[in-house]
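Structure file work_33.tsv (TSV, C-alpha atoms and all ligand atoms) is printed below.
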```
chain	number	residue	atom	x	y	z
Y	241	MET	CA	-60.37	61.09	80.87
Y	242	ILE	CA	-58.16	63.81	79.42
Y	243	GLU	CA	-58.02	63.83	75.68
Y	244	ALA	CA	-54.40	64.09	74.73
Y	245	LYS	CA	-53.98	66.32	71.71
Y	246	LEU	CA	-51.98	65.06	68.84
Y	247	ASP	CA	-51.54	65.69	65.13
Y	248	ILE	CA	-52.87	63.08	62.76
Y	249	VAL	CA	-51.55	62.80	59.21
Y	250	GLU	CA	-53.78	60.36	57.34
Y	251	ASN	CA	-52.24	57.80	55.05
Y	252	GLN	CA	-53.45	58.39	51.49
Y	253	ASN	CA	-52.13	55.04	50.25
Y	254	LYS	CA	-53.86	52.50	52.43
Y	255	LYS	CA	-52.64	48.92	52.10
Y	256	PRO	CA	-54.92	45.94	51.50
Y	257	LYS	CA	-55.72	44.02	54.69
Y	258	PRO	CA	-54.19	40.54	54.86
Y	259	GLU	CA	-56.48	37.76	53.67
Y	260	GLY	CA	-56.37	34.02	53.97
Y	261	ASP	CA	-54.91	31.83	56.68
Y	262	ASP	CA	-51.32	32.84	56.39
Y	263	LEU	CA	-50.54	35.61	58.86
Y	264	PRO	CA	-47.00	35.15	60.19
Y	265	PHE	CA	-46.20	36.89	63.48
Y	266	GLY	CA	-44.98	40.48	63.23
Y	267	GLN	CA	-44.51	40.85	59.48
Y	268	VAL	CA	-47.58	42.81	58.43
Y	269	PHE	CA	-48.08	46.37	59.71
Y	270	THR	CA	-51.03	48.74	59.63
Y	271	ASP	CA	-51.32	52.06	57.75
Y	272	HIS	CA	-50.35	54.36	60.62
Y	273	MET	CA	-47.94	54.61	63.53
Y	274	PHE	CA	-47.59	56.81	66.59
Y	275	THR	CA	-44.39	58.76	67.18
Y	276	MET	CA	-43.19	61.16	69.88
Y	277	GLU	CA	-39.81	62.78	70.52
Y	278	TYR	CA	-37.80	63.56	73.63
Y	279	THR	CA	-35.05	66.07	74.26
Y	280	ARG	CA	-33.59	67.17	77.58
Y	281	GLU	CA	-34.87	70.71	76.98
Y	282	LYS	CA	-38.41	69.90	75.89
Y	283	GLY	CA	-39.18	66.59	77.57
Y	284	TRP	CA	-41.56	64.40	75.55
Y	285	PHE	CA	-43.10	66.42	72.72
Y	286	GLN	CA	-44.59	66.31	69.23
Y	287	PRO	CA	-47.00	63.40	69.65
Y	288	GLN	CA	-48.35	62.45	66.26
Y	289	ILE	CA	-49.97	59.73	64.24
Y	290	VAL	CA	-48.43	59.50	60.77
Y	291	PRO	CA	-48.45	57.05	57.86
Y	292	TYR	CA	-46.46	53.88	58.62
Y	293	GLU	CA	-43.10	54.32	56.92
Y	294	PRO	CA	-39.35	53.89	57.48
Y	295	ILE	CA	-37.70	56.39	59.81
Y	296	THR	CA	-34.38	58.16	59.31
Y	297	LEU	CA	-31.68	58.08	61.97
Y	298	ASP	CA	-28.11	59.34	62.09
Y	299	PRO	CA	-25.63	56.43	61.76
Y	300	ALA	CA	-24.20	57.56	65.10
Y	301	ALA	CA	-27.62	57.28	66.79
Y	302	MET	CA	-26.90	55.65	70.13
Y	303	ILE	CA	-29.45	52.87	69.67
Y	304	PHE	CA	-27.21	51.36	66.95
Y	305	HIS	CA	-24.14	51.24	69.15
Y	306	TYR	CA	-25.07	50.56	72.74
Y	307	GLY	CA	-28.62	49.28	72.36
Y	308	GLN	CA	-30.36	51.71	74.71
Y	309	SER	CA	-33.98	50.76	74.10
Y	310	VAL	CA	-37.11	49.25	75.63
Y	311	PHE	CA	-40.21	47.65	74.17
Y	312	GLU	CA	-43.60	46.31	75.18
Y	313	GLY	CA	-46.03	43.82	73.70
Y	314	LEU	CA	-49.80	43.62	74.16
Y	315	LYS	CA	-52.83	42.83	72.04
Y	316	ALA	CA	-56.14	44.40	70.98
Y	317	TYR	CA	-59.22	42.27	70.21
Y	318	LEU	CA	-62.66	42.92	68.80
Y	319	ASN	CA	-65.48	41.79	71.08
Y	320	SER	CA	-68.84	40.50	69.84
Y	321	GLU	CA	-70.27	44.06	69.85
Y	322	GLY	CA	-67.48	45.04	67.48
Y	323	ASP	CA	-65.72	47.19	70.09
Y	324	ILE	CA	-61.98	47.19	70.65
Y	325	GLN	CA	-60.79	45.50	73.84
Y	326	LEU	CA	-57.42	45.82	75.56
Y	327	PHE	CA	-56.17	43.48	78.29
Y	328	ARG	CA	-54.62	45.22	81.32
Y	329	PRO	CA	-52.83	47.85	79.19
Y	330	GLU	CA	-51.86	49.87	82.27
Y	331	GLU	CA	-49.74	46.89	83.43
Y	332	ASN	CA	-47.72	47.03	80.21
Y	333	LEU	CA	-47.22	50.79	80.46
Y	334	LYS	CA	-46.17	50.58	84.11
Y	335	ARG	CA	-43.68	47.89	83.12
Y	336	MET	CA	-42.44	50.04	80.23
Y	337	ASN	CA	-41.59	52.75	82.75
Y	338	ARG	CA	-39.84	50.23	85.00
Y	339	SER	CA	-37.83	49.14	81.94
Y	340	ASN	CA	-37.17	52.81	81.10
Y	341	GLY	CA	-35.92	53.37	84.64
Y	342	ARG	CA	-33.50	50.44	84.40
Y	343	MET	CA	-32.19	51.60	81.01
Y	344	SER	CA	-31.78	55.29	82.03
Y	345	ILE	CA	-34.54	56.37	79.66
Y	346	PRO	CA	-36.87	59.16	80.88
Y	347	PRO	CA	-40.35	58.00	81.97
Y	348	ILE	CA	-43.40	58.55	79.77
Y	349	SER	CA	-46.85	59.47	81.13
Y	350	GLU	CA	-48.83	56.22	81.20
Y	351	GLU	CA	-52.14	58.08	81.05
Y	352	LEU	CA	-51.06	59.99	77.93
Y	353	VAL	CA	-49.74	56.88	76.20
Y	354	ILE	CA	-52.99	54.98	76.84
Y	355	ASN	CA	-54.85	57.87	75.29
Y	356	TYR	CA	-52.55	58.07	72.26
Y	357	LEU	CA	-52.80	54.31	71.84
Y	358	LYS	CA	-56.60	54.46	71.88
Y	359	GLN	CA	-56.61	57.15	69.21
Y	360	LEU	CA	-54.28	55.05	67.06
Y	361	LEU	CA	-56.44	51.95	67.55
Y	362	LEU	CA	-59.64	53.79	66.65
Y	363	LEU	CA	-57.99	54.99	63.45
Y	364	GLU	CA	-56.78	51.45	62.63
Y	365	LYS	CA	-59.85	49.59	63.83
Y	366	GLU	CA	-60.40	47.90	60.45
Y	367	TRP	CA	-57.03	46.22	60.92
Y	368	ILE	CA	-58.12	44.31	64.02
Y	369	PRO	CA	-58.93	40.79	62.85
Y	370	ASN	CA	-62.14	39.31	64.23
Y	371	GLU	CA	-61.48	35.71	63.27
Y	372	GLU	CA	-61.06	33.26	66.15
Y	373	GLY	CA	-57.58	33.41	67.66
Y	374	ARG	CA	-56.47	36.46	65.71
Y	375	SER	CA	-55.67	39.84	67.21
Y	376	LEU	CA	-53.79	43.07	66.65
Y	377	TYR	CA	-50.38	42.95	68.27
Y	378	ILE	CA	-49.30	46.31	69.72
Y	379	ARG	CA	-45.60	47.11	69.92
Y	380	PRO	CA	-44.69	50.30	71.81
Y	381	PHE	CA	-40.93	50.98	71.94
Y	382	VAL	CA	-38.34	53.62	72.76
Y	383	ILE	CA	-34.96	54.10	71.09
Y	384	ALA	CA	-31.98	56.36	71.85
Y	385	THR	CA	-31.56	58.79	68.95
Y	386	GLU	CA	-28.72	61.13	69.91
Y	387	ALA	CA	-25.83	61.08	67.39
Y	388	ASN	CA	-22.98	60.49	69.79
Y	389	LEU	CA	-20.55	57.62	70.29
Y	390	ALA	CA	-19.99	58.37	73.98
Y	391	VAL	CA	-20.95	55.50	76.27
Y	392	ALA	CA	-23.60	57.38	78.24
Y	393	PRO	CA	-27.37	57.78	78.25
Y	394	SER	CA	-28.71	59.49	75.14
Y	395	GLN	CA	-29.99	63.05	75.41
Y	396	SER	CA	-32.78	62.38	72.91
Y	397	TYR	CA	-35.24	59.53	72.27
Y	398	LYS	CA	-38.02	58.47	69.98
Y	399	PHE	CA	-41.10	56.66	71.29
Y	400	MET	CA	-43.22	54.81	68.75
Y	401	ILE	CA	-46.20	52.48	68.63
Y	402	ILE	CA	-46.61	50.17	65.65
Y	403	LEU	CA	-49.42	47.67	65.11
Y	404	SER	CA	-49.36	44.24	63.50
Y	405	PRO	CA	-52.32	41.94	62.84
Y	406	VAL	CA	-51.34	38.45	63.99
Y	407	GLY	CA	-52.78	35.01	63.40
Y	408	SER	CA	-53.60	32.46	66.02
Y	409	TYR	CA	-50.57	31.20	67.88
Y	410	TYR	CA	-52.18	27.77	67.57
Y	411	PRO	CA	-53.66	27.43	64.07
Y	412	GLU	CA	-53.98	23.67	64.68
Y	413	GLY	CA	-55.16	24.02	68.26
Y	414	ILE	CA	-53.16	24.32	71.45
Y	415	HIS	CA	-50.42	21.68	71.56
Y	416	PRO	CA	-47.46	20.86	73.84
Y	417	VAL	CA	-43.89	21.63	72.78
Y	418	SER	CA	-40.50	20.14	73.50
Y	419	ILE	CA	-38.07	22.18	75.62
Y	420	GLN	CA	-34.32	21.95	76.20
Y	421	VAL	CA	-32.90	23.16	79.51
Y	422	GLU	CA	-29.92	25.40	78.71
Y	423	GLU	CA	-26.83	24.47	80.72
Y	424	HIS	CA	-24.28	26.97	79.44
Y	425	PHE	CA	-25.74	30.26	78.22
Y	426	THR	CA	-27.44	32.68	80.60
Y	427	ARG	CA	-30.39	34.97	79.83
Y	428	ALA	CA	-30.10	37.26	82.82
Y	429	VAL	CA	-28.56	37.58	86.28
Y	430	ARG	CA	-29.51	39.42	89.41
Y	431	GLY	CA	-28.46	43.06	89.03
Y	432	GLY	CA	-28.46	42.74	85.23
Y	433	THR	CA	-31.18	43.82	82.81
Y	434	GLY	CA	-33.39	40.71	82.80
Y	435	THR	CA	-36.32	42.45	84.48
Y	436	ALA	CA	-36.45	45.04	81.68
Y	437	LYS	CA	-37.87	44.42	78.22
Y	438	THR	CA	-34.78	45.71	76.45
Y	439	GLY	CA	-33.40	44.57	73.11
Y	440	GLY	CA	-30.10	42.95	74.06
Y	441	ASN	CA	-31.71	40.46	76.44
Y	442	TYR	CA	-33.28	38.68	73.49
Y	443	CYS	CA	-30.47	38.47	70.93
Y	444	GLY	CA	-28.29	37.17	73.77
Y	445	GLY	CA	-30.56	34.12	73.80
Y	446	TYR	CA	-30.38	33.28	70.09
Y	447	LYS	CA	-27.34	31.02	70.49
Y	448	ALA	CA	-29.07	28.82	73.04
Y	449	GLN	CA	-32.21	28.82	70.91
Y	450	GLU	CA	-30.19	27.65	67.88
Y	451	LYS	CA	-28.63	24.88	69.95
Y	452	ALA	CA	-32.04	23.71	71.16
Y	453	ALA	CA	-33.49	23.84	67.64
Y	454	ASP	CA	-30.58	21.73	66.32
Y	455	ARG	CA	-31.61	19.05	68.79
Y	456	GLY	CA	-35.22	19.23	67.72
Y	457	HIS	CA	-36.57	21.33	70.59
Y	458	ALA	CA	-38.91	24.28	70.17
Y	459	GLN	CA	-37.60	26.43	73.01
Y	460	VAL	CA	-35.04	26.88	75.75
Y	461	MET	CA	-35.62	26.73	79.48
Y	462	TRP	CA	-33.41	29.23	81.31
Y	463	LEU	CA	-31.78	28.49	84.65
Y	464	ASP	CA	-30.40	31.02	87.09
Y	465	GLY	CA	-27.12	32.45	85.82
Y	466	VAL	CA	-25.13	31.90	89.01
Y	467	HIS	CA	-25.70	28.29	90.05
Y	468	LYS	CA	-27.45	26.93	86.91
Y	469	LYS	CA	-29.71	25.26	89.43
Y	470	TYR	CA	-33.01	27.12	89.74
Y	471	ILE	CA	-35.56	27.46	86.94
Y	472	GLU	CA	-36.23	31.01	85.71
Y	473	GLU	CA	-38.15	31.20	82.40
Y	474	VAL	CA	-38.88	29.35	79.19
Y	475	GLY	CA	-38.03	31.19	75.95
Y	476	SER	CA	-39.59	34.63	76.39
Y	477	MET	CA	-42.25	33.34	78.74
Y	478	ASN	CA	-42.68	32.80	82.44
Y	479	VAL	CA	-43.10	29.20	83.53
Y	480	PHE	CA	-45.50	27.25	85.76
Y	481	PHE	CA	-45.51	23.67	87.05
Y	482	LYS	CA	-48.28	21.62	88.56
Y	483	ILE	CA	-46.73	19.26	91.08
Y	484	ASN	CA	-48.93	17.00	93.18
Y	485	GLY	CA	-51.88	19.38	92.86
Y	486	GLN	CA	-49.92	22.51	93.71
Y	487	ILE	CA	-49.00	25.20	91.16
Y	488	ILE	CA	-45.45	26.48	91.45
Y	489	THR	CA	-43.87	29.37	89.53
Y	490	PRO	CA	-40.37	30.77	90.10
Y	491	GLU	CA	-40.47	33.78	92.44
Y	492	LEU	CA	-39.44	37.16	91.03
Y	493	ASN	CA	-35.75	37.50	91.80
Y	494	ASP	CA	-34.40	40.54	89.92
Y	495	SER	CA	-33.57	38.51	86.81
Y	496	ILE	CA	-36.99	37.13	85.82
Y	497	LEU	CA	-39.21	39.35	83.64
Y	498	GLU	CA	-42.51	40.01	85.42
Y	499	GLY	CA	-45.17	38.96	82.92
Y	500	VAL	CA	-48.70	40.34	82.82
Y	501	THR	CA	-49.88	36.83	81.89
Y	502	ARG	CA	-48.00	35.37	84.88
Y	503	LYS	CA	-49.60	37.90	87.20
Y	504	SER	CA	-53.07	37.22	85.76
Y	505	ILE	CA	-52.65	33.44	86.12
Y	506	ILE	CA	-51.61	33.77	89.76
Y	507	GLU	CA	-54.61	36.02	90.45
Y	508	LEU	CA	-56.98	33.58	88.69
Y	509	LEU	CA	-55.64	30.56	90.59
Y	510	LYS	CA	-55.97	32.39	93.91
Y	511	HIS	CA	-59.51	33.40	93.01
Y	512	TRP	CA	-60.35	29.73	92.30
Y	513	ASN	CA	-58.73	28.69	95.60
Y	514	ILE	CA	-56.18	26.60	93.73
Y	515	ASP	CA	-52.94	26.26	95.67
Y	516	VAL	CA	-50.37	28.49	93.92
Y	517	ILE	CA	-46.96	29.44	95.26
Y	518	GLU	CA	-44.10	31.64	94.02
Y	519	ARG	CA	-40.80	30.19	95.15
Y	520	LYS	CA	-37.43	28.93	93.96
Y	521	ILE	CA	-37.64	25.59	92.19
Y	522	SER	CA	-34.55	23.66	91.10
Y	523	MET	CA	-34.16	21.24	88.20
Y	524	GLU	CA	-33.26	18.55	90.74
Y	525	GLU	CA	-36.55	19.06	92.56
Y	526	LEU	CA	-38.44	19.00	89.27
Y	527	LEU	CA	-36.76	15.78	88.18
Y	528	GLN	CA	-37.50	14.19	91.56
Y	529	ALA	CA	-41.16	15.17	91.25
Y	530	TYR	CA	-41.19	13.68	87.75
Y	531	GLU	CA	-39.64	10.42	88.97
Y	532	ASP	CA	-42.17	10.28	91.80
Y	533	GLY	CA	-44.96	10.64	89.26
Y	534	GLN	CA	-46.00	14.01	90.71
Y	535	LEU	CA	-45.14	16.37	87.83
Y	536	GLU	CA	-48.62	16.74	86.39
Y	537	GLU	CA	-48.43	19.76	84.07
Y	538	ALA	CA	-45.94	22.38	82.89
Y	539	PHE	CA	-46.52	25.45	80.73
Y	540	GLY	CA	-45.04	28.74	79.64
Y	541	ALA	CA	-47.08	31.98	79.97
Y	542	GLY	CA	-46.84	35.15	77.89
Y	543	THR	CA	-48.87	37.54	75.73
Y	544	ALA	CA	-48.07	35.91	72.36
Y	545	ALA	CA	-49.19	32.34	73.18
Y	546	VAL	CA	-51.09	33.10	76.43
Y	547	VAL	CA	-50.12	29.63	77.68
Y	548	SER	CA	-47.83	27.14	75.97
Y	549	PRO	CA	-47.93	23.59	77.36
Y	550	ILE	CA	-44.62	21.76	77.77
Y	551	GLY	CA	-44.86	18.14	76.59
Y	552	GLU	CA	-41.22	17.18	76.85
Y	553	LEU	CA	-38.35	18.59	78.88
Y	554	SER	CA	-34.72	17.59	78.29
Y	555	TRP	CA	-32.12	18.27	80.96
Y	556	GLN	CA	-28.62	16.79	80.83
Y	557	ASP	CA	-29.20	13.10	80.06
Y	558	GLU	CA	-32.77	13.07	81.26
Y	559	THR	CA	-35.92	13.41	79.18
Y	560	MET	CA	-39.18	14.00	80.99
Y	561	ILE	CA	-42.44	13.35	79.17
Y	562	ILE	CA	-45.08	15.48	80.85
Y	563	ASN	CA	-48.73	14.42	80.94
Y	564	GLY	CA	-48.15	11.97	78.08
Y	565	ARG	CA	-47.38	14.94	75.80
Y	566	GLN	CA	-50.99	16.08	76.14
Y	567	THR	CA	-52.18	19.54	77.16
Y	568	GLY	CA	-53.13	19.35	80.84
Y	569	ASP	CA	-56.64	20.20	82.05
Y	570	LEU	CA	-55.53	23.17	84.14
Y	571	THR	CA	-53.37	24.51	81.29
Y	572	LYS	CA	-56.31	24.30	78.93
Y	573	PHE	CA	-58.70	25.84	81.45
Y	574	LEU	CA	-56.35	28.79	81.99
Y	575	TYR	CA	-56.00	29.26	78.23
Y	576	ASN	CA	-59.76	29.24	77.68
Y	577	THR	CA	-60.42	31.55	80.62
Y	578	ILE	CA	-57.82	34.17	79.73
Y	579	THR	CA	-58.57	34.23	75.99
Y	580	GLY	CA	-62.30	34.28	76.86
Y	581	ILE	CA	-61.85	37.37	79.03
Y	582	GLN	CA	-59.57	39.03	76.47
Y	583	THR	CA	-62.07	38.66	73.65
Y	584	GLY	CA	-65.16	39.43	75.73
Y	585	LYS	CA	-66.61	35.90	75.44
Y	586	LEU	CA	-66.37	35.41	79.20
Y	587	PRO	CA	-67.41	37.92	81.88
Y	588	ASP	CA	-64.58	40.17	83.01
Y	589	THR	CA	-65.03	39.75	86.77
Y	590	PHE	CA	-61.60	41.20	87.49
Y	591	ASN	CA	-62.08	44.37	85.49
Y	592	TRP	CA	-59.02	43.49	83.41
Y	593	THR	CA	-60.27	44.62	80.03
Y	594	GLU	CA	-60.66	48.13	78.73
Y	595	THR	CA	-63.11	48.81	75.95
Y	596	VAL	CA	-62.05	51.47	73.45
Y	597	LYS	CA	-64.92	53.43	71.97
Y	598	GLU	CA	-64.98	56.86	70.42
Y	599	LEU	CA	-63.02	59.21	72.69
C	1	LIG	C1	-42.58	39.67	77.65
C	1	LIG	C2	-41.91	38.57	78.40
C	1	LIG	C3	-42.60	37.65	79.22
C	1	LIG	C4	-44.10	37.59	79.28
C	1	LIG	O1	-44.68	38.78	79.67
C	1	LIG	P1	-46.22	39.06	79.30
C	1	LIG	O2	-46.46	40.40	79.91
C	1	LIG	O3	-47.00	38.00	79.95
C	1	LIG	O4	-46.33	39.04	77.83
C	1	LIG	C5	-41.87	36.73	79.95
C	1	LIG	N1	-40.52	36.67	79.86
C	1	LIG	C6	-39.83	37.51	79.08
C	1	LIG	C7	-38.35	37.40	79.04
C	1	LIG	C8	-40.49	38.48	78.32
C	1	LIG	O5	-39.80	39.29	77.53
```
When written as structure tokens, how does the structure in this file appear?
Ligand SMILES: *Cc1c(COP(=O)(O)O)cnc(C)c1O
Amino acid sequence: MIEAKLDIVENQNKKPKPEGDDLPFGQVFTDHMFTMEYTREKGWFQPQIVPYEPITLDPAAMIFHYGQSVFEGLKAYLNSEGDIQLFRPEENLKRMNRSNGRMSIPPISEELVINYLKQLLLLEKEWIPNEEGRSLYIRPFVIATEANLAVAPSQSYKFMIILSPVGSYYPEGIHPVSIQVEEHFTRAVRGGTGTAKTGGNYCGGYKAQEKAADRGHAQVMWLDGVHKKYIEEVGSMNVFFKINGQIITPELNDSILEGVTRKSIIELLKHWNIDVIERKISMEELLQAYEDGQLEEAFGAGTAAVVSPIGELSWQDETMIINGRQTGDLTKFLYNTITGIQTGKLPDTFNWTETVKEL
């Protein structure tokens, strides 16, 4: 592999690593960060690793006004040999470039970014927790930096990677959550930006999330924006149902975000010869399956939780209790398999993990 050259400025004031059980998601950051700049004239340039610190932007920077940005989310783990492991990082970087394309942001070499990321991880290796369930969350992102109030793509950008040690998503063990189907607000529509990981898609969902929380639900289930009929996603996760032995997940439709976890689950199920199908599924069909006693399991899928079982689903006046509010066997098996591969406890028969040693 090419070794991408970059400047490293070491942090002389290293922070203490977090201790104890309390490690809230995304609030603790490591000692260093990666940054790189883009201008029309130079392309992407000045890759560097510098001490983690606030950045300065012009108040007219376009990110503040029109939200031109993309982000990614993946995790690094320590395996039992003490080496760093990444899970399908090339999938995240390919998706970042698809998001960039949608948001009129110039593409970034995936090969170079993987290399920069590895150098950053090697420098920050001590920050990767090795306790069960913990990991180092990796957040690459791009923001528009040109100082200009014109409504047009920025001429300059900043790409950064920051790292955050995170606790187990399930400190008390994997447990099902209660979900409210959102009837009014829409996350994304065909032709919109739902397939891109771009900032505005998420704050647009806060209102529905607040509504669901007020009614005692943990998350929102999103329906298609046009007919409010077909199921799309749950929170910021893809969604799967087990109905009468068959696994169904909504087909990609130009408004659903294509998750790496979703893709991995489909590949695992196919490998196990478990019947899995990507197709449209309506709330009416789901309710019918429930009433017929055929809705066996339901779960969300995404990097943060890996899988998140759904124990209760409220839609209009109906409340469905799924699998007696217990985590289903298949849900649990998928969770154990994927986390096992990610952390090196199970053999990586699909060649999904990448071990990061000295470059
Ligand atoms: C990130 C994300 C997912 C899950 O993707 P993973 O690659 O599995 O983490 C699903 N839906 C939305 C809206 C997302 O932003």
Which region 496-557 of chain Y residues have any atom within 12 Å of an atom of region 470-478 of chain Y, and for each, what is the nearest pair of atoms with distance in Å to one decimal, counting all atoms listed in the file, rows sorted by chain and number, as JSON lines?
```
{"residue": "Y:Ile496", "atom": "CA", "partner": "Y:Glu472", "partner_atom": "CA", "distance": 6.2}
{"residue": "Y:Leu497", "atom": "CA", "partner": "Y:Asn478", "partner_atom": "CA", "distance": 7.5}
{"residue": "Y:Glu498", "atom": "CA", "partner": "Y:Asn478", "partner_atom": "CA", "distance": 7.8}
{"residue": "Y:Gly499", "atom": "CA", "partner": "Y:Asn478", "partner_atom": "CA", "distance": 6.7}
{"residue": "Y:Val500", "atom": "CA", "partner": "Y:Asn478", "partner_atom": "CA", "distance": 9.7}
{"residue": "Y:Thr501", "atom": "CA", "partner": "Y:Asn478", "partner_atom": "CA", "distance": 8.3}
{"residue": "Y:Arg502", "atom": "CA", "partner": "Y:Asn478", "partner_atom": "CA", "distance": 6.4}
{"residue": "Y:Lys503", "atom": "CA", "partner": "Y:Asn478", "partner_atom": "CA", "distance": 9.8}
{"residue": "Y:Ser504", "atom": "CA", "partner": "Y:Asn478", "partner_atom": "CA", "distance": 11.8}
{"residue": "Y:Ile505", "atom": "CA", "partner": "Y:Asn478", "partner_atom": "CA", "distance": 10.6}
{"residue": "Y:Ile506", "atom": "CA", "partner": "Y:Asn478", "partner_atom": "CA", "distance": 11.6}
{"residue": "Y:Glu518", "atom": "CA", "partner": "Y:Glu472", "partner_atom": "CA", "distance": 11.5}
{"residue": "Y:Arg519", "atom": "CA", "partner": "Y:Tyr470", "partner_atom": "CA", "distance": 10.0}
{"residue": "Y:Lys520", "atom": "CA", "partner": "Y:Tyr470", "partner_atom": "CA", "distance": 6.4}
{"residue": "Y:Ile521", "atom": "CA", "partner": "Y:Tyr470", "partner_atom": "CA", "distance": 5.5}
{"residue": "Y:Ser522", "atom": "CA", "partner": "Y:Tyr470", "partner_atom": "CA", "distance": 4.0}
{"residue": "Y:Met523", "atom": "CA", "partner": "Y:Tyr470", "partner_atom": "CA", "distance": 6.2}
{"residue": "Y:Glu524", "atom": "CA", "partner": "Y:Tyr470", "partner_atom": "CA", "distance": 8.6}
{"residue": "Y:Glu525", "atom": "CA", "partner": "Y:Tyr470", "partner_atom": "CA", "distance": 9.2}
{"residue": "Y:Leu526", "atom": "CA", "partner": "Y:Ile471", "partner_atom": "CA", "distance": 9.2}
{"residue": "Y:Leu527", "atom": "CA", "partner": "Y:Ile471", "partner_atom": "CA", "distance": 11.8}
{"residue": "Y:Ala538", "atom": "CA", "partner": "Y:Val474", "partner_atom": "CA", "distance": 10.6}
{"residue": "Y:Phe539", "atom": "CA", "partner": "Y:Asn478", "partner_atom": "CA", "distance": 8.5}
{"residue": "Y:Gly540", "atom": "CA", "partner": "Y:Met477", "partner_atom": "CA", "distance": 5.5}
{"residue": "Y:Ala541", "atom": "CA", "partner": "Y:Asn478", "partner_atom": "CA", "distance": 5.1}
{"residue": "Y:Gly542", "atom": "CA", "partner": "Y:Met477", "partner_atom": "CA", "distance": 5.0}
{"residue": "Y:Thr543", "atom": "CA", "partner": "Y:Met477", "partner_atom": "CA", "distance": 8.4}
{"residue": "Y:Ala544", "atom": "CA", "partner": "Y:Met477", "partner_atom": "CA", "distance": 9.0}
{"residue": "Y:Ala545", "atom": "CA", "partner": "Y:Met477", "partner_atom": "CA", "distance": 8.9}
{"residue": "Y:Val546", "atom": "CA", "partner": "Y:Met477", "partner_atom": "CA", "distance": 9.1}
{"residue": "Y:Val547", "atom": "CA", "partner": "Y:Met477", "partner_atom": "CA", "distance": 8.8}
{"residue": "Y:Ser548", "atom": "CA", "partner": "Y:Met477", "partner_atom": "CA", "distance": 8.8}
{"residue": "Y:Pro549", "atom": "CA", "partner": "Y:Val474", "partner_atom": "CA", "distance": 10.9}
{"residue": "Y:Ile550", "atom": "CA", "partner": "Y:Val474", "partner_atom": "CA", "distance": 9.6}
{"residue": "Y:Leu553", "atom": "CA", "partner": "Y:Val474", "partner_atom": "CA", "distance": 10.8}
{"residue": "Y:Trp555", "atom": "CA", "partner": "Y:Ile471", "partner_atom": "CA", "distance": 11.5}
```
Got time to write the residues from that selection, C-alpha atoms, as a short mmCIF file (atom, residue, chain, number, x, y, z; two decimals), in the coordinates of the input?
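Listing of result_24.cif after writing:
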```cif
data_model
loop_
_atom_site.label_atom_id
_atom_site.label_comp_id
_atom_site.auth_asym_id
_atom_site.auth_seq_id
_atom_site.Cartn_x
_atom_site.Cartn_y
_atom_site.Cartn_z
CA ILE Y 496 -36.99 37.13 85.82
CA LEU Y 497 -39.21 39.35 83.64
CA GLU Y 498 -42.51 40.01 85.42
CA GLY Y 499 -45.17 38.96 82.92
CA VAL Y 500 -48.70 40.34 82.82
CA THR Y 501 -49.88 36.83 81.89
CA ARG Y 502 -48.00 35.37 84.88
CA LYS Y 503 -49.60 37.90 87.20
CA SER Y 504 -53.07 37.22 85.76
CA ILE Y 505 -52.65 33.44 86.12
CA ILE Y 506 -51.61 33.77 89.76
CA GLU Y 518 -44.10 31.64 94.02
CA ARG Y 519 -40.80 30.19 95.15
CA LYS Y 520 -37.43 28.93 93.96
CA ILE Y 521 -37.64 25.59 92.19
CA SER Y 522 -34.55 23.66 91.10
CA MET Y 523 -34.16 21.24 88.20
CA GLU Y 524 -33.26 18.55 90.74
CA GLU Y 525 -36.55 19.06 92.56
CA LEU Y 526 -38.44 19.00 89.27
CA LEU Y 527 -36.76 15.78 88.18
CA ALA Y 538 -45.94 22.38 82.89
CA PHE Y 539 -46.52 25.45 80.73
CA GLY Y 540 -45.04 28.74 79.64
CA ALA Y 541 -47.08 31.98 79.97
CA GLY Y 542 -46.84 35.15 77.89
CA THR Y 543 -48.87 37.54 75.73
CA ALA Y 544 -48.07 35.91 72.36
CA ALA Y 545 -49.19 32.34 73.18
CA VAL Y 546 -51.09 33.10 76.43
CA VAL Y 547 -50.12 29.63 77.68
CA SER Y 548 -47.83 27.14 75.97
CA PRO Y 549 -47.93 23.59 77.36
CA ILE Y 550 -44.62 21.76 77.77
CA LEU Y 553 -38.35 18.59 78.88
CA TRP Y 555 -32.12 18.27 80.96
#
```
*Neighbourhood query: residues within 10 Å of (-45.6, 56.5, 82.3), file coordinates, counting all atoms listed in the file; return as an MDAnalysis selection string.*
chainID Y and resid 330 332:338 340 346:354
Extract, using all atoms listed in the file, all DNA, RNA and protein residues at most 9 Å from region 440-448 of chain Y, discarding same-chain residues fewer than 5 positions from it, and format them as a PDB file with C-alpha atoms, keeping the file's coordinate frame.
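What landed in result.pdb:
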```pdb
ATOM      1  CA  GLY Y 307     -28.620  49.280  72.360  1.00  0.00           C
ATOM      2  CA  GLN Y 308     -30.360  51.710  74.710  1.00  0.00           C
ATOM      3  CA  SER Y 309     -33.980  50.760  74.100  1.00  0.00           C
ATOM      4  CA  GLU Y 422     -29.920  25.400  78.710  1.00  0.00           C
ATOM      5  CA  HIS Y 424     -24.280  26.970  79.440  1.00  0.00           C
ATOM      6  CA  PHE Y 425     -25.740  30.260  78.220  1.00  0.00           C
ATOM      7  CA  THR Y 426     -27.440  32.680  80.600  1.00  0.00           C
ATOM      8  CA  ARG Y 427     -30.390  34.970  79.830  1.00  0.00           C
ATOM      9  CA  ALA Y 428     -30.100  37.260  82.820  1.00  0.00           C
ATOM     10  CA  THR Y 433     -31.180  43.820  82.810  1.00  0.00           C
ATOM     11  CA  GLY Y 434     -33.390  40.710  82.800  1.00  0.00           C
ATOM     12  CA  ALA Y 453     -33.490  23.840  67.640  1.00  0.00           C
ATOM     13  CA  GLN Y 459     -37.600  26.430  73.010  1.00  0.00           C
ATOM     14  CA  VAL Y 460     -35.040  26.880  75.750  1.00  0.00           C
ATOM     15  CA  GLY Y 475     -38.030  31.190  75.950  1.00  0.00           C
ATOM     16  CA  SER Y 476     -39.590  34.630  76.390  1.00  0.00           C
TER      17      SER Y 476
END
```
